[in-house]
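Below is query33.tsv, which holds TSV, C-alpha atoms and all ligand atoms.
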chain	number	residue	atom	x	y	z
K	717	MET	CA	45.66	81.44	187.31
K	718	SER	CA	46.60	81.49	183.63
K	719	THR	CA	49.59	79.37	182.70
K	720	ASP	CA	49.82	80.58	179.08
K	721	LEU	CA	52.81	82.76	179.92
K	722	GLU	CA	54.82	80.02	181.60
K	723	GLY	CA	56.86	79.08	178.54
K	724	VAL	CA	57.60	82.64	177.45
K	725	ASP	CA	61.23	83.72	177.02
K	726	TYR	CA	61.04	86.99	178.93
K	727	ALA	CA	64.54	88.12	177.99
K	728	ALA	CA	63.56	87.93	174.29
K	729	TRP	CA	60.05	89.31	174.85
K	730	LEU	CA	61.16	92.30	176.86
K	731	ALA	CA	64.36	93.01	174.95
K	732	GLY	CA	64.39	96.75	174.55
K	733	SER	CA	62.31	97.59	177.63
K	734	GLY	CA	65.39	98.64	179.63
K	735	GLU	CA	66.84	100.69	176.78
K	736	SER	CA	63.43	102.34	176.26
K	737	ALA	CA	63.10	103.07	179.96
K	738	GLU	CA	66.56	104.71	180.03
K	739	VAL	CA	65.26	107.29	177.56
K	740	ALA	CA	61.68	107.66	178.80
K	741	ILE	CA	62.18	107.69	182.58
K	742	PRO	CA	63.95	111.11	182.63
K	743	LEU	CA	60.87	112.57	180.90
K	744	LEU	CA	58.63	110.91	183.46
K	745	ILE	CA	60.75	112.26	186.32
K	746	GLU	CA	60.69	115.73	184.78
K	747	ALA	CA	56.87	115.53	184.59
K	748	VAL	CA	56.02	113.98	187.95
K	749	ALA	CA	59.18	113.75	190.15
K	750	PRO	CA	57.88	110.60	191.87
K	751	ARG	CA	59.32	109.31	195.13
K	752	SER	CA	57.45	106.03	194.89
K	753	ALA	CA	56.34	103.92	191.95
K	754	VAL	CA	54.36	100.77	191.29
K	755	ASP	CA	54.50	98.82	188.02
K	756	VAL	CA	51.50	96.60	187.25
K	757	GLY	CA	52.71	93.85	184.91
K	758	CYS	CA	56.35	94.75	185.53
K	759	GLY	CA	57.87	91.70	183.79
K	760	LEU	CA	61.48	91.49	184.96
K	761	GLY	CA	61.29	95.01	186.43
K	762	HIS	CA	63.14	96.92	183.70
K	763	TRP	CA	61.23	100.19	184.24
K	764	LEU	CA	61.44	100.08	188.04
K	765	ALA	CA	65.16	99.31	187.88
K	766	VAL	CA	65.72	102.47	185.82
K	767	LEU	CA	63.53	104.49	188.20
K	768	LYS	CA	65.74	103.22	191.05
K	769	GLU	CA	68.85	104.34	189.15
K	770	HIS	CA	67.25	107.78	189.10
K	771	GLY	CA	66.79	107.80	192.88
K	772	VAL	CA	63.22	106.50	193.22
K	773	LYS	CA	63.83	104.10	196.09
K	774	ASP	CA	60.29	103.03	197.00
K	775	VAL	CA	59.18	100.67	194.22
K	776	LEU	CA	56.91	97.66	193.83
K	777	GLY	CA	56.24	95.50	190.79
K	778	TYR	CA	53.37	93.07	190.26
K	779	ASP	CA	53.46	90.19	187.79
K	780	GLY	CA	52.54	86.53	187.49
K	781	PRO	CA	54.17	83.57	189.28
K	782	TRP	CA	55.60	82.45	185.93
K	783	VAL	CA	58.23	85.23	186.05
K	784	ASP	CA	61.66	83.71	186.77
K	785	ARG	CA	62.55	85.46	190.04
K	786	SER	CA	66.26	84.70	189.53
K	787	ARG	CA	66.23	87.09	186.53
K	788	LEU	CA	64.49	90.00	188.24
K	789	LEU	CA	66.18	93.40	187.94
K	790	ILE	CA	64.61	94.54	191.21
K	791	ALA	CA	65.08	93.09	194.69
K	792	PRO	CA	62.86	90.13	195.70
K	793	PRO	CA	60.84	92.18	198.26
K	794	GLU	CA	60.11	94.71	195.49
K	795	PHE	CA	58.23	92.06	193.50
K	796	ALA	CA	54.76	90.72	194.31
K	797	VAL	CA	52.88	87.94	192.56
K	798	ALA	CA	49.43	88.79	191.26
K	799	ASP	CA	47.02	87.46	188.66
K	800	LEU	CA	45.95	90.63	186.94
K	801	ASN	CA	42.91	88.87	185.56
K	802	GLU	CA	41.61	89.05	189.13
K	803	PRO	CA	40.99	92.24	191.17
K	804	LEU	CA	44.14	93.29	193.04
K	805	ALA	CA	43.93	93.96	196.79
K	806	VAL	CA	45.47	97.45	196.94
K	807	LYS	CA	47.07	98.25	200.28
K	808	ARG	CA	48.66	101.67	199.66
K	809	ARG	CA	49.08	104.50	197.15
K	810	PHE	CA	52.17	105.48	195.13
K	811	ASP	CA	53.23	108.74	193.46
K	812	ILE	CA	53.02	107.03	190.10
K	813	ALA	CA	51.66	103.79	188.65
K	814	LEU	CA	52.96	102.26	185.44
K	815	CYS	CA	51.05	99.75	183.33
K	816	LEU	CA	52.93	99.24	180.09
K	817	GLU	CA	51.89	96.85	177.30
K	818	VAL	CA	49.93	94.65	179.70
K	819	ALA	CA	46.26	95.63	179.35
K	820	GLN	CA	45.88	94.05	175.89
K	821	ILE	CA	46.92	90.66	177.28
K	822	LEU	CA	44.15	90.57	179.87
K	823	VAL	CA	40.68	89.36	178.97
K	824	ALA	CA	38.33	92.16	177.85
K	825	GLY	CA	36.06	91.63	180.85
K	826	ARG	CA	39.01	92.56	183.08
K	827	ALA	CA	39.57	96.01	181.57
K	828	GLU	CA	37.31	97.89	183.99
K	829	SER	CA	38.75	96.30	187.09
K	830	LEU	CA	42.31	96.80	185.82
K	831	VAL	CA	41.60	100.53	185.59
K	832	GLU	CA	39.98	100.42	189.06
K	833	THR	CA	43.19	98.86	190.38
K	834	LEU	CA	45.38	101.48	188.71
K	835	VAL	CA	43.39	104.44	190.05
K	836	ALA	CA	43.41	102.83	193.51
K	837	LEU	CA	47.20	102.74	193.29
K	838	SER	CA	47.96	106.31	192.18
K	839	ASP	CA	46.72	109.75	191.09
K	840	VAL	CA	49.04	109.47	188.07
K	841	VAL	CA	48.99	106.43	185.78
K	842	VAL	CA	51.45	106.03	182.91
K	843	PHE	CA	49.63	103.70	180.57
K	844	SER	CA	50.57	101.98	177.32
K	845	ALA	CA	48.34	99.40	175.63
K	846	ALA	CA	48.37	97.85	172.16
K	847	VAL	CA	46.15	99.31	169.44
K	848	PRO	CA	44.05	97.15	167.08
K	849	GLY	CA	46.27	95.24	164.63
K	850	GLN	CA	49.47	95.87	166.62
K	851	GLY	CA	50.14	92.15	167.04
K	852	GLY	CA	52.01	90.31	169.76
K	853	ILE	CA	51.67	87.21	171.85
K	854	LEU	CA	48.43	86.45	173.65
K	855	HIS	CA	46.80	89.76	172.75
K	856	GLU	CA	43.17	89.48	173.87
K	857	ASN	CA	41.97	93.06	173.93
K	858	GLU	CA	43.70	95.48	171.54
K	859	GLN	CA	41.91	98.83	171.73
K	860	TRP	CA	42.26	102.46	170.60
K	861	PRO	CA	43.05	105.01	173.33
K	862	GLN	CA	39.42	106.22	173.42
K	863	TYR	CA	38.39	102.93	175.04
K	864	TRP	CA	40.87	103.30	177.90
K	865	ALA	CA	40.28	107.06	178.23
K	866	GLU	CA	36.57	106.41	178.84
K	867	LEU	CA	37.34	103.86	181.55
K	868	PHE	CA	39.70	106.30	183.29
K	869	ALA	CA	37.18	109.15	182.86
K	870	ASP	CA	34.68	107.10	184.89
K	871	HIS	CA	37.04	107.73	187.84
K	872	GLY	CA	37.61	111.43	187.05
K	873	TYR	CA	41.02	110.83	185.44
K	874	VAL	CA	41.93	112.90	182.38
K	875	ALA	CA	44.46	112.17	179.64
K	876	SER	CA	47.77	113.93	179.02
K	877	ASP	CA	50.26	113.20	176.26
K	878	PRO	CA	53.65	114.31	177.61
K	879	PHE	CA	55.82	111.58	176.09
K	880	ARG	CA	54.83	110.50	172.58
K	881	LEU	CA	55.83	113.60	170.62
K	882	ARG	CA	59.19	113.77	172.42
K	883	LEU	CA	59.92	110.08	171.92
K	884	TRP	CA	58.43	109.60	168.44
K	885	GLU	CA	61.73	109.62	166.55
K	886	ARG	CA	63.89	107.98	169.23
K	887	ASP	CA	65.03	104.72	167.67
K	888	ASP	CA	66.40	103.61	171.04
K	889	VAL	CA	62.83	103.42	172.36
K	890	ARG	CA	60.63	100.53	171.21
K	891	TRP	CA	57.97	101.79	168.87
K	892	TRP	CA	55.08	100.46	171.00
K	893	PHE	CA	56.03	102.81	173.84
K	894	ARG	CA	56.50	105.73	171.42
K	895	GLN	CA	53.07	105.02	169.99
K	896	ASN	CA	51.05	104.10	173.07
K	897	MET	CA	52.55	105.67	176.21
K	898	VAL	CA	50.21	108.30	177.65
K	899	CYS	CA	49.23	109.46	181.09
K	900	TYR	CA	45.94	109.50	183.02
K	901	SER	CA	45.67	111.58	186.16
K	902	THR	CA	43.31	113.30	188.56
K	903	LEU	CA	42.60	117.02	188.22
K	904	GLU	CA	44.44	117.58	191.53
K	905	ALA	CA	47.50	115.88	190.05
K	906	LEU	CA	47.29	118.17	187.01
K	907	GLU	CA	47.52	121.14	189.38
K	908	ARG	CA	50.61	119.67	191.03
K	909	HIS	CA	52.32	118.73	187.78
K	910	PRO	CA	52.40	121.53	185.17
K	911	VAL	CA	53.83	119.25	182.46
K	912	LEU	CA	50.71	117.10	182.68
K	913	ALA	CA	48.47	120.18	182.57
K	914	GLU	CA	50.34	121.63	179.56
K	915	THR	CA	50.03	118.36	177.64
K	916	ARG	CA	46.43	117.63	178.63
K	917	CYS	CA	44.44	116.11	175.75
K	918	ALA	CA	41.20	117.73	174.62
K	919	GLY	CA	39.53	114.31	175.08
K	920	ALA	CA	41.10	110.93	174.52
K	921	PRO	CA	44.75	110.72	173.42
K	922	LEU	CA	45.08	110.72	169.64
K	923	PRO	CA	44.91	107.22	168.10
K	924	LEU	CA	48.37	107.10	166.54
K	925	VAL	CA	50.08	104.36	164.50
K	926	HIS	CA	53.87	104.53	164.48
K	927	PRO	CA	55.73	103.61	161.25
K	928	GLY	CA	57.41	100.81	163.25
K	929	CYS	CA	54.00	99.29	163.96
K	930	LEU	CA	52.99	99.55	160.32
K	931	ASP	CA	56.29	97.99	159.19
K	932	GLN	CA	55.82	95.08	161.55
K	933	ALA	CA	52.21	94.51	160.48
K	934	ARG	CA	53.19	94.62	156.78
K	935	GLY	CA	56.19	92.33	157.36
K	936	ASP	CA	54.09	89.85	159.35
K	937	ALA	CA	51.43	89.83	156.61
K	938	ALA	CA	54.03	89.35	153.84
K	939	GLU	CA	55.94	86.62	155.68
K	940	PRO	CA	53.51	84.84	158.00
K	941	GLN	CA	55.86	81.86	158.49
K	942	ARG	CA	58.66	84.13	159.70
K	943	ALA	CA	56.22	85.97	161.99
K	944	ARG	CA	54.99	82.63	163.36
K	945	ARG	CA	58.58	81.46	164.02
K	946	HIS	CA	59.32	84.77	165.77
K	947	TRP	CA	56.34	84.58	168.14
K	948	LEU	CA	56.73	80.84	168.74
K	949	GLY	CA	60.42	81.41	169.48
K	950	ILE	CA	59.43	83.79	172.23
K	951	ARG	CA	56.87	81.29	173.54
K	952	ARG	CA	59.46	78.45	173.30
L	1	LIG	C1	54.57	92.76	177.17
L	1	LIG	S1	54.99	92.40	178.81
L	1	LIG	C2	55.36	94.01	179.44
L	1	LIG	C3	56.27	94.00	180.62
L	1	LIG	C4	56.70	95.38	181.13
L	1	LIG	N1	55.56	96.19	181.50
L	1	LIG	C5	57.54	96.09	180.11
L	1	LIG	O1	57.02	96.98	179.45
L	1	LIG	O2	58.72	95.74	180.00
L	1	LIG	C6	53.42	92.05	179.57
L	1	LIG	C7	53.54	91.67	181.04
L	1	LIG	O3	52.23	91.45	181.57
L	1	LIG	C8	52.29	90.34	182.43
L	1	LIG	N2	50.96	89.72	182.53
L	1	LIG	C9	50.14	89.38	181.51
L	1	LIG	N3	49.02	88.80	181.96
L	1	LIG	C10	49.14	88.77	183.32
L	1	LIG	C11	48.32	88.28	184.38
L	1	LIG	N4	47.14	87.70	184.15
L	1	LIG	N5	48.76	88.42	185.64
L	1	LIG	C12	49.97	88.99	185.91
L	1	LIG	N6	50.78	89.49	184.94
L	1	LIG	C13	50.38	89.36	183.68
L	1	LIG	C14	53.27	89.41	181.77
L	1	LIG	O4	53.78	88.42	182.65
L	1	LIG	C15	54.32	90.39	181.26
L	1	LIG	O5	55.32	90.62	182.20

Show the structure stored in the file as structure tokens.
Amino acid sequence: MSTDLEGVDYAAWLAGSGESAEVAIPLLIEAVAPRSAVDVGCGLGHWLAVLKEHGVKDVLGYDGPWVDRSRLLIAPPEFAVADLNEPLAVKRRFDIALCLEVAQILVAGRAESLVETLVALSDVVVFSAAVPGQGGILHENEQWPQYWAELFADHGYVASDPFRLRLWERDDVRWWFRQNMVCYSTLEALERHPVLAETRCAGAPLPLVHPGCLDQARGDAAEPQRARRHWLGIRR
């Protein structure tokens, strides 16, 4: 199992995930009204903790053994260790699966089996993955949405875009979620969830770049030493 993430300061890395979730989860509940949720690459469990605040009691988060369990925001039995670079043994289905800003960290050869895992977990997958040039620690596989949409399409899942337009100007949501957070679901799920049907994409979700992403890329290019200190600070 990879140990590259062992020295990462998760509190610094995931600062803003909870605040973002507070804003985005009500939209997700409005769209899907889940009673159960799984988060693949949940970090400290920020998104599941907010789902629980909104009454979703049945939650499970997967992440690596390097996550400091004493800092989890979900209960210990709600967290399971997994190496997402290996296929996950899926034991049950959930109303919704989240996979947020994780896919780009996994090796490219793992992309197909990550998507297989997500579709095995739920009919509705809320998915956010870094675009090319986004930057971040240990990014192995930054891709435009088309790449992921094609992998989901292989399983009959279609794309909807119910969040990005509504979150685009929310400064209390981190720009990577505003830019990247879309939804892939089965056609049956579209019938059950009108919001997903109404926001269905013609093909892949639009490849968008948020001004926050551009600002960061320009700042990092102008001040590479500062950028290096920032990322090394997070990696300790
Ligand atoms: C950028 S963080 C996102 C965390 C969370 N989804 C959020 O949005 O707050 C990426 C997460 O992916 C997890 N991750 C990356 N590679 C992994 C692997 N091979 N196995 C398990 N988890 C992994 C990291 O530990 C980290 O929690």

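Take CA of Glu832 in chain K and CA of Val766 in chain K: the distance between them is 26.0 Å.
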
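Of the residues under consideration (K:Arg886, K:Ala943, K:Gln859, K:Thr833), K:Arg886 shows the shortest atom-to-atom contact distance to Glu738 in chain K when counting only C-alpha atoms.
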
For this session: Write out as a ChimeraX atom specification each polymer residue (protein, DNA or RNA) that has an atom no more than 8 Å from ligand LIG 1 (chain L), with only C-alpha atoms and all ligand atoms counted.
Result: /K:717-718,721,726,729-730,732-734,755-763,778-783,797-802,814-819,821-822

Using C-alpha atoms, can you write the selected residues to a file as an mmCIF file, in the frame of the given file?
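Saved to selection_32.cif:
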data_model
loop_
_atom_site.group_PDB
_atom_site.id
_atom_site.type_symbol
_atom_site.label_atom_id
_atom_site.label_comp_id
_atom_site.auth_asym_id
_atom_site.auth_seq_id
_atom_site.Cartn_x
_atom_site.Cartn_y
_atom_site.Cartn_z
ATOM 1 C CA MET K 717 45.660 81.440 187.310
ATOM 2 C CA SER K 718 46.600 81.490 183.630
ATOM 3 C CA LEU K 721 52.810 82.760 179.920
ATOM 4 C CA TYR K 726 61.040 86.990 178.930
ATOM 5 C CA TRP K 729 60.050 89.310 174.850
ATOM 6 C CA LEU K 730 61.160 92.300 176.860
ATOM 7 C CA GLY K 732 64.390 96.750 174.550
ATOM 8 C CA SER K 733 62.310 97.590 177.630
ATOM 9 C CA GLY K 734 65.390 98.640 179.630
ATOM 10 C CA ASP K 755 54.500 98.820 188.020
ATOM 11 C CA VAL K 756 51.500 96.600 187.250
ATOM 12 C CA GLY K 757 52.710 93.850 184.910
ATOM 13 C CA CYS K 758 56.350 94.750 185.530
ATOM 14 C CA GLY K 759 57.870 91.700 183.790
ATOM 15 C CA LEU K 760 61.480 91.490 184.960
ATOM 16 C CA GLY K 761 61.290 95.010 186.430
ATOM 17 C CA HIS K 762 63.140 96.920 183.700
ATOM 18 C CA TRP K 763 61.230 100.190 184.240
ATOM 19 C CA TYR K 778 53.370 93.070 190.260
ATOM 20 C CA ASP K 779 53.460 90.190 187.790
ATOM 21 C CA GLY K 780 52.540 86.530 187.490
ATOM 22 C CA PRO K 781 54.170 83.570 189.280
ATOM 23 C CA TRP K 782 55.600 82.450 185.930
ATOM 24 C CA VAL K 783 58.230 85.230 186.050
ATOM 25 C CA VAL K 797 52.880 87.940 192.560
ATOM 26 C CA ALA K 798 49.430 88.790 191.260
ATOM 27 C CA ASP K 799 47.020 87.460 188.660
ATOM 28 C CA LEU K 800 45.950 90.630 186.940
ATOM 29 C CA ASN K 801 42.910 88.870 185.560
ATOM 30 C CA GLU K 802 41.610 89.050 189.130
ATOM 31 C CA LEU K 814 52.960 102.260 185.440
ATOM 32 C CA CYS K 815 51.050 99.750 183.330
ATOM 33 C CA LEU K 816 52.930 99.240 180.090
ATOM 34 C CA GLU K 817 51.890 96.850 177.300
ATOM 35 C CA VAL K 818 49.930 94.650 179.700
ATOM 36 C CA ALA K 819 46.260 95.630 179.350
ATOM 37 C CA ILE K 821 46.920 90.660 177.280
ATOM 38 C CA LEU K 822 44.150 90.570 179.870
#

For this session: Compute the distance from (63.5, 100.7, 167.7) to each atom, counting only C-alpha atoms, keep the residues with any atom at most 9 Å away, and return them as JSON, numbers by chain; use the coordinates of the file.
Result: {"K": [732, 736, 886, 887, 888, 889, 890, 891, 928]}

Seminar exercise, completed: If you count all atoms listed in the file, the residue of K:Ile741, K:Phe795, K:Leu854, K:Leu789 closest to Trp947 in chain K turns out to be K:Leu854

Exercise. Nearest to His909 in chain K: which of K:Ala824, K:Leu767, K:Ala728, K:Ile812 is it, counting only C-alpha atoms?
Worked result: K:Ile812

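Take the candidates K:Ser876, K:Ser752, K:Thr902, K:Gln932 and check each one against Leu764 in chain K using all atoms listed in the file; the shortest distance goes to K:Ser752.
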
Seminar exercise, completed: Using all atoms listed in the file, the residue out of K:Leu883, K:Leu776, K:Val724, K:Ala905 with shortest distance to Val739 in chain K is K:Leu883

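CA of Cys929 in chain K is positioned 28.2 Å from CA of Val748 in chain K.
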
For this session: Might you pull out every residue within 8 Å of Trp860 in chain K, with only C-alpha atoms counted and same-chain residues fewer than 3 positions away left off, and present them as an MDAnalysis selection string?
Result: chainID K and resid 846:848 863:864 923

Exercise. If you measure from CA of Gln941 in chain K to CA of Asp725 in chain K, what distance in Å do you get, rounded to one decimal?
Worked result: 19.4 Å

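Among K:Trp892, K:Phe810, K:Tyr873, K:Phe868, the residue with the shortest atom-to-atom distance to Ala827 in chain K, counting all atoms listed in the file, is K:Phe868.
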